[in-house]
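Colleague: Got a structure for you, written out below as C-alpha cells; questions coming shortly.
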Amino acid sequence: MSKFGLIGKNIGYSFSKKYFSEKFEQDNLPHTYENFDIPSIEFFPNILSETQNLKGLSVTIPYKQEIIPFLDNLSEEAKRIGAVNTIKITEDKKTTGYNTDHFGFQKALEAYLPLQQKTALILGTGGASKAVAYALDNLDFKYKFVSRKTGVNSLVYSELSQEIVENHLLVINCTPLGTFPNITNCPPIPYQFLTESHLLFDLIYNPSETEFLKRAKLQGAKTSNGLRMLELQAEKAWEIWNS
C-alpha cells in the first residue's frame with residue numbers, strides 16, 4: 001500500500017484529500033491520502049522520515065516556494081517557475097519537485113479562449129501566481145502582477161485605473177482572499193470598470209462563487225472558479241507519481 005498526502009497550513013478544507021480518497025476508492029486502489037498540516041516548513045523532513053511507504057505529496061499555500069531548499073531535485077519547469085506543488089518520492093526517500101499548477105491553469109483557461117486581447121492582470125505574487133505567469137507566457141499573453149507592494153512588472157492595487165482595467169481582459173485571482181470561511185473578502189480592484197469582454201478567473205474553488213466572481217458577473221464579465229484547474233493539476237500529479 002502506498003501513501004500520498006498534502007502539505008500545507010490550515011488545510012482542513014482541502015480539495016486534494018477528498019479528490020484522491022474518492023479516486024482510490026473508485027479505482028479499487030489500496031492507497032491512502034492524508035493531510036500533513038504543519039505550522040512551518042521545518043517540519044517537512046519529519047514527515048519524510050516518519051511516514052512509511054510515502055510515494056508522493058501535493059504542496060499548497062504557504063509552502064510552494066519555501067519547500068524548494070528541502071528537495072533533492074527539481075524538474076526544469078519547477079526551476080523556471082520557482083514554485084513546487086507536487087513531489088515525487090523514490091524508494092530511498094529522494095525527492096523531486098514538480099509544478100502541475102501551470103498545466104492545470106492553462107488547460108482550464110483554454111476553454112474560455114480566445115479573448116479580444118491577450119492581456120492579463122495577475123493578482124498576488126505567491127507560488128500560484130508564478131505558475132499562472134508561466135502558463136500565460138506559453139499562451140503569448142502580456143501581463144502585469146498586482147500586489148500590495150510595488151515591484152518589478154508589478155502594480156499596487158491603488159494604481160488600477162479605468163484604462164488599465166479596460167486594457168487587461170483577463171484578471172486572475174491568485175490570492176487567498178475570499179476563501180471559505182472568509183467569503184465576503186475579495187481583492188480590492190475597481191470592479192466597476194469590468195466589461196462583457198473580460199474574463200475573471202479565481203483559483204479559489206470554495207466557495208464555488210467567490211465575492212470576486214459575483215462582482216465580475218454583475219458587470220457582465222465571464223467567470224471561472226479554480227475547480228477545473230485543480231482537477232487537471234491533480235491528474236497530472238497522479239501521472240508523475242506513477243511515472
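Quick note on naming: the chains in the C-alpha cells go A, B, ... in the order shown, residues restart at 1 in each chain, and ligands are numbered from 1 in order of appearance.
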Compile the contact shell of Asn85 in chain A as a PyMOL selection string: residues with an atom at most 7 Å away, counting only C-alpha atoms, same-chain residues fewer than 5 positions apart removed.
Modeller: chain A and resi 58-60+64+98-101
Colleague: With all heavy atoms kept, could you save the residues just selected as a PDB file, in the first residue's frame?
Modeller:
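Now in result.pdb:
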```
ATOM      1  N   SER A  58       1.410  16.457  -2.456  1.00  0.00           N
ATOM      2  CA  SER A  58       0.991  17.726  -3.060  1.00  0.00           C
ATOM      3  C   SER A  58       1.411  18.819  -2.075  1.00  0.00           C
ATOM      4  O   SER A  58       1.523  18.562  -0.878  1.00  0.00           O
ATOM      5  CB  SER A  58      -0.530  17.762  -3.240  1.00  0.00           C
ATOM      6  OG  SER A  58      -0.993  16.583  -3.860  1.00  0.00           O
ATOM      7  N   VAL A  59       1.647  20.025  -2.588  1.00  0.00           N
ATOM      8  CA  VAL A  59       2.056  21.138  -1.721  1.00  0.00           C
ATOM      9  C   VAL A  59       1.133  22.312  -1.986  1.00  0.00           C
ATOM     10  O   VAL A  59       0.868  22.660  -3.145  1.00  0.00           O
ATOM     11  CB  VAL A  59       3.515  21.575  -2.020  1.00  0.00           C
ATOM     12  CG1 VAL A  59       3.960  22.653  -1.035  1.00  0.00           C
ATOM     13  CG2 VAL A  59       4.458  20.384  -1.970  1.00  0.00           C
ATOM     14  N   THR A  60       0.625  22.919  -0.908  1.00  0.00           N
ATOM     15  CA  THR A  60      -0.254  24.070  -1.091  1.00  0.00           C
ATOM     16  C   THR A  60       0.219  25.246  -0.235  1.00  0.00           C
ATOM     17  O   THR A  60       1.276  25.174   0.415  1.00  0.00           O
ATOM     18  CB  THR A  60      -1.729  23.684  -0.821  1.00  0.00           C
ATOM     19  OG1 THR A  60      -2.562  24.774  -1.199  1.00  0.00           O
ATOM     20  CG2 THR A  60      -1.974  23.332   0.639  1.00  0.00           C
ATOM     21  N   LYS A  64       4.655  26.552  -1.249  1.00  0.00           N
ATOM     22  CA  LYS A  64       5.063  26.183  -2.615  1.00  0.00           C
ATOM     23  C   LYS A  64       6.473  26.670  -2.981  1.00  0.00           C
ATOM     24  O   LYS A  64       7.150  26.066  -3.803  1.00  0.00           O
ATOM     25  CB  LYS A  64       4.055  26.718  -3.637  1.00  0.00           C
ATOM     26  CG  LYS A  64       2.715  26.013  -3.552  1.00  0.00           C
ATOM     27  CD  LYS A  64       1.741  26.484  -4.621  1.00  0.00           C
ATOM     28  CE  LYS A  64       0.400  25.786  -4.446  1.00  0.00           C
ATOM     29  NZ  LYS A  64      -0.483  25.973  -5.591  1.00  0.00           N
ATOM     30  N   TYR A  98       7.973  19.091  -8.658  1.00  0.00           N
ATOM     31  CA  TYR A  98       7.370  19.407  -9.962  1.00  0.00           C
ATOM     32  C   TYR A  98       6.347  20.523  -9.778  1.00  0.00           C
ATOM     33  O   TYR A  98       5.921  20.800  -8.660  1.00  0.00           O
ATOM     34  CB  TYR A  98       6.637  18.182 -10.525  1.00  0.00           C
ATOM     35  CG  TYR A  98       7.533  17.014 -10.867  1.00  0.00           C
ATOM     36  CD1 TYR A  98       7.915  16.102  -9.880  1.00  0.00           C
ATOM     37  CD2 TYR A  98       7.995  16.815 -12.172  1.00  0.00           C
ATOM     38  CE1 TYR A  98       8.738  15.023 -10.181  1.00  0.00           C
ATOM     39  CE2 TYR A  98       8.815  15.732 -12.479  1.00  0.00           C
ATOM     40  CZ  TYR A  98       9.183  14.845 -11.484  1.00  0.00           C
ATOM     41  OH  TYR A  98      10.000  13.783 -11.782  1.00  0.00           O
ATOM     42  N   ASN A  99       5.938  21.112 -10.898  1.00  0.00           N
ATOM     43  CA  ASN A  99       4.828  22.054 -10.841  1.00  0.00           C
ATOM     44  C   ASN A  99       3.765  21.621 -11.843  1.00  0.00           C
ATOM     45  O   ASN A  99       4.024  21.581 -13.048  1.00  0.00           O
ATOM     46  CB  ASN A  99       5.296  23.479 -11.154  1.00  0.00           C
ATOM     47  CG  ASN A  99       4.208  24.488 -10.858  1.00  0.00           C
ATOM     48  OD1 ASN A  99       3.117  24.434 -11.431  1.00  0.00           O
ATOM     49  ND2 ASN A  99       4.475  25.407  -9.944  1.00  0.00           N
ATOM     50  N   THR A 100       2.581  21.270 -11.348  1.00  0.00           N
ATOM     51  CA  THR A 100       1.475  20.898 -12.253  1.00  0.00           C
ATOM     52  C   THR A 100       0.397  21.985 -12.273  1.00  0.00           C
ATOM     53  O   THR A 100      -0.563  21.887 -13.013  1.00  0.00           O
ATOM     54  CB  THR A 100       0.838  19.553 -11.846  1.00  0.00           C
ATOM     55  OG1 THR A 100       0.172  19.697 -10.584  1.00  0.00           O
ATOM     56  CG2 THR A 100       1.881  18.449 -11.721  1.00  0.00           C
ATOM     57  N   ASP A 101       0.590  23.031 -11.452  1.00  0.00           N
ATOM     58  CA  ASP A 101      -0.381  24.142 -11.427  1.00  0.00           C
ATOM     59  C   ASP A 101      -0.481  24.826 -12.798  1.00  0.00           C
ATOM     60  O   ASP A 101      -1.569  25.147 -13.263  1.00  0.00           O
ATOM     61  CB  ASP A 101       0.027  25.206 -10.395  1.00  0.00           C
ATOM     62  CG  ASP A 101      -0.399  24.849  -8.982  1.00  0.00           C
ATOM     63  OD1 ASP A 101      -1.356  24.065  -8.820  1.00  0.00           O
ATOM     64  OD2 ASP A 101       0.215  25.366  -8.025  1.00  0.00           O
TER      65      ASP A 101
END
```
Colleague: Residues within 12 Å of His102 in chain A, please, as a PDB file with C-alpha atoms, in the first residue's frame. Count only C-alpha atoms; anything in the same chain fewer than 6 positions from it doesn't count.
Modeller:
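Result file is out-v1.pdb:
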```pdb
ATOM      1  CA  GLU A  77       9.600  23.613 -15.211  1.00  0.00           C
ATOM      2  CA  ALA A  78       9.581  23.861 -11.420  1.00  0.00           C
ATOM      3  CA  ARG A  80      11.799  28.066 -14.134  1.00  0.00           C
ATOM      4  CA  ILE A  81       8.571  28.767 -12.274  1.00  0.00           C
ATOM      5  CA  GLY A  82      10.229  28.914  -8.860  1.00  0.00           C
ATOM      6  CA  ALA A  83       7.389  27.049  -7.141  1.00  0.00           C
ATOM      7  CA  VAL A  84       6.537  23.411  -6.438  1.00  0.00           C
ATOM      8  CA  ASN A  85       3.104  21.851  -5.883  1.00  0.00           C
ATOM      9  CA  THR A  86       3.934  18.152  -6.474  1.00  0.00           C
ATOM     10  CA  ALA A 108      -8.738  25.199 -17.761  1.00  0.00           C
ATOM     11  CA  LEU A 109      -8.197  28.647 -19.297  1.00  0.00           C
ATOM     12  CA  GLY A 127       3.749  30.469  -5.739  1.00  0.00           C
ATOM     13  CA  ALA A 128       0.461  30.076  -7.622  1.00  0.00           C
ATOM     14  CA  SER A 129       0.931  33.394  -9.431  1.00  0.00           C
ATOM     15  CA  LYS A 130       4.298  32.204 -10.751  1.00  0.00           C
ATOM     16  CA  ALA A 131       2.701  29.104 -12.303  1.00  0.00           C
ATOM     17  CA  VAL A 132      -0.042  31.269 -13.831  1.00  0.00           C
ATOM     18  CA  ALA A 133       2.569  33.615 -15.342  1.00  0.00           C
ATOM     19  CA  TYR A 134       4.414  30.616 -16.813  1.00  0.00           C
ATOM     20  CA  ALA A 135       1.179  29.400 -18.469  1.00  0.00           C
ATOM     21  CA  LEU A 136       0.413  32.903 -19.797  1.00  0.00           C
ATOM     22  CA  ASP A 137       3.923  33.059 -21.308  1.00  0.00           C
ATOM     23  CA  ASN A 138       3.149  29.772 -23.112  1.00  0.00           C
ATOM     24  CA  LEU A 139      -0.045  31.357 -24.486  1.00  0.00           C
ATOM     25  CA  LEU A 203      -8.013  29.969  -8.333  1.00  0.00           C
ATOM     26  CA  MET A 229      -7.726  23.696 -12.753  1.00  0.00           C
ATOM     27  CA  LEU A 230      -7.406  21.695  -9.520  1.00  0.00           C
ATOM     28  CA  LEU A 232      -6.402  18.852 -14.047  1.00  0.00           C
ATOM     29  CA  GLN A 233      -3.328  19.540 -11.901  1.00  0.00           C
ATOM     30  CA  ALA A 234      -4.240  16.600  -9.616  1.00  0.00           C
ATOM     31  CA  LYS A 236      -1.101  15.468 -13.793  1.00  0.00           C
ATOM     32  CA  ALA A 237       0.368  14.865 -10.306  1.00  0.00           C
TER      33      ALA A 237
END
```
Colleague: Go through A:Glu66, A:Glu22, A:Asp202, A:Glu211 and flag the residue nearest Gly126 in chain A, using only C-alpha atoms for the distances.
Modeller: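 Result for the nearest residue to Gly126 in chain A: A:Glu66.
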Colleague: Write out as a list in words which residues come within 7 Å of Lys118 in chain A when counting only C-alpha atoms, dropping same-chain ones fewer than 3 positions away.
Modeller: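 The filter keeps Leu115, Phe141 and Lys142 of chain A.
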Colleague: Taking only C-alpha atoms into account, name the residue in A:Tyr157, A:Phe15, A:Phe145, A:Tyr63 that is nearest to Tyr205 in chain A.
Modeller: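 Looking at the shortest contact to Tyr205 in chain A, the residue is A:Phe15.
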Colleague: Report as a ChimeraX atom specification: the residues of range 27-229 of chain A with a DSSP assignment of alpha helix (DSSP H), based on the backbone of this structure.
Modeller: /A:44-50,76-81,101-110,127-138,162-166,211-218,227-229
Colleague: Could you tell me which of A:Leu29, A:Ile89, A:Val156, A:Ile47 comes closest to Ile122 in chain A if we count only C-alpha atoms?
Modeller: A:Val156
Colleague: Can you pull out the residues contacting range 178-180 of chain A? Cut-off 12 Å, using only C-alpha atoms, and skip same-chain residues under 5 positions away; I want them as a PyMOL selection string.
Modeller: chain A and resi 10-14+173+185-188+202-214+225-226
Colleague: Using only C-alpha atoms, find the one residue out of A:His198, A:Lys17, A:Lys79, A:Lys149 that sits nearest to Pro114 in chain A.
Modeller: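 Of A:His198, A:Lys17, A:Lys79, A:Lys149, the one nearest Pro114 in chain A is A:His198, counting only C-alpha atoms.
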Colleague: A:Pro62, A:Pro45, A:Pro69, A:Pro176: which is nearest Lys93 in chain A, counting only C-alpha atoms?
Modeller: A:Pro45
Colleague: Any chance you could list, as an NGL selection string, the residues in range 68-237 of chain A that come up strand (DSSP E) when DSSP is run on the backbone?
Modeller: :A and (73-74 or 86-89 or 95-98 or 119-123 or 142-147 or 154-156 or 170-173 or 199-202 or 222-224)
Colleague: Which is closer to Val165 in chain A than all the others in A:Leu121, A:Leu218, A:Ala111, A:Ile7, using only C-alpha atoms?
Modeller: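 Among the listed residues, the smallest separation from Val165 in chain A belongs to A:Leu121.
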Colleague: At what distance in Å, to one decimal, does CA of Lys217 in chain A lie from CA of Glu196 in chain A?
Modeller: 8.9 Å
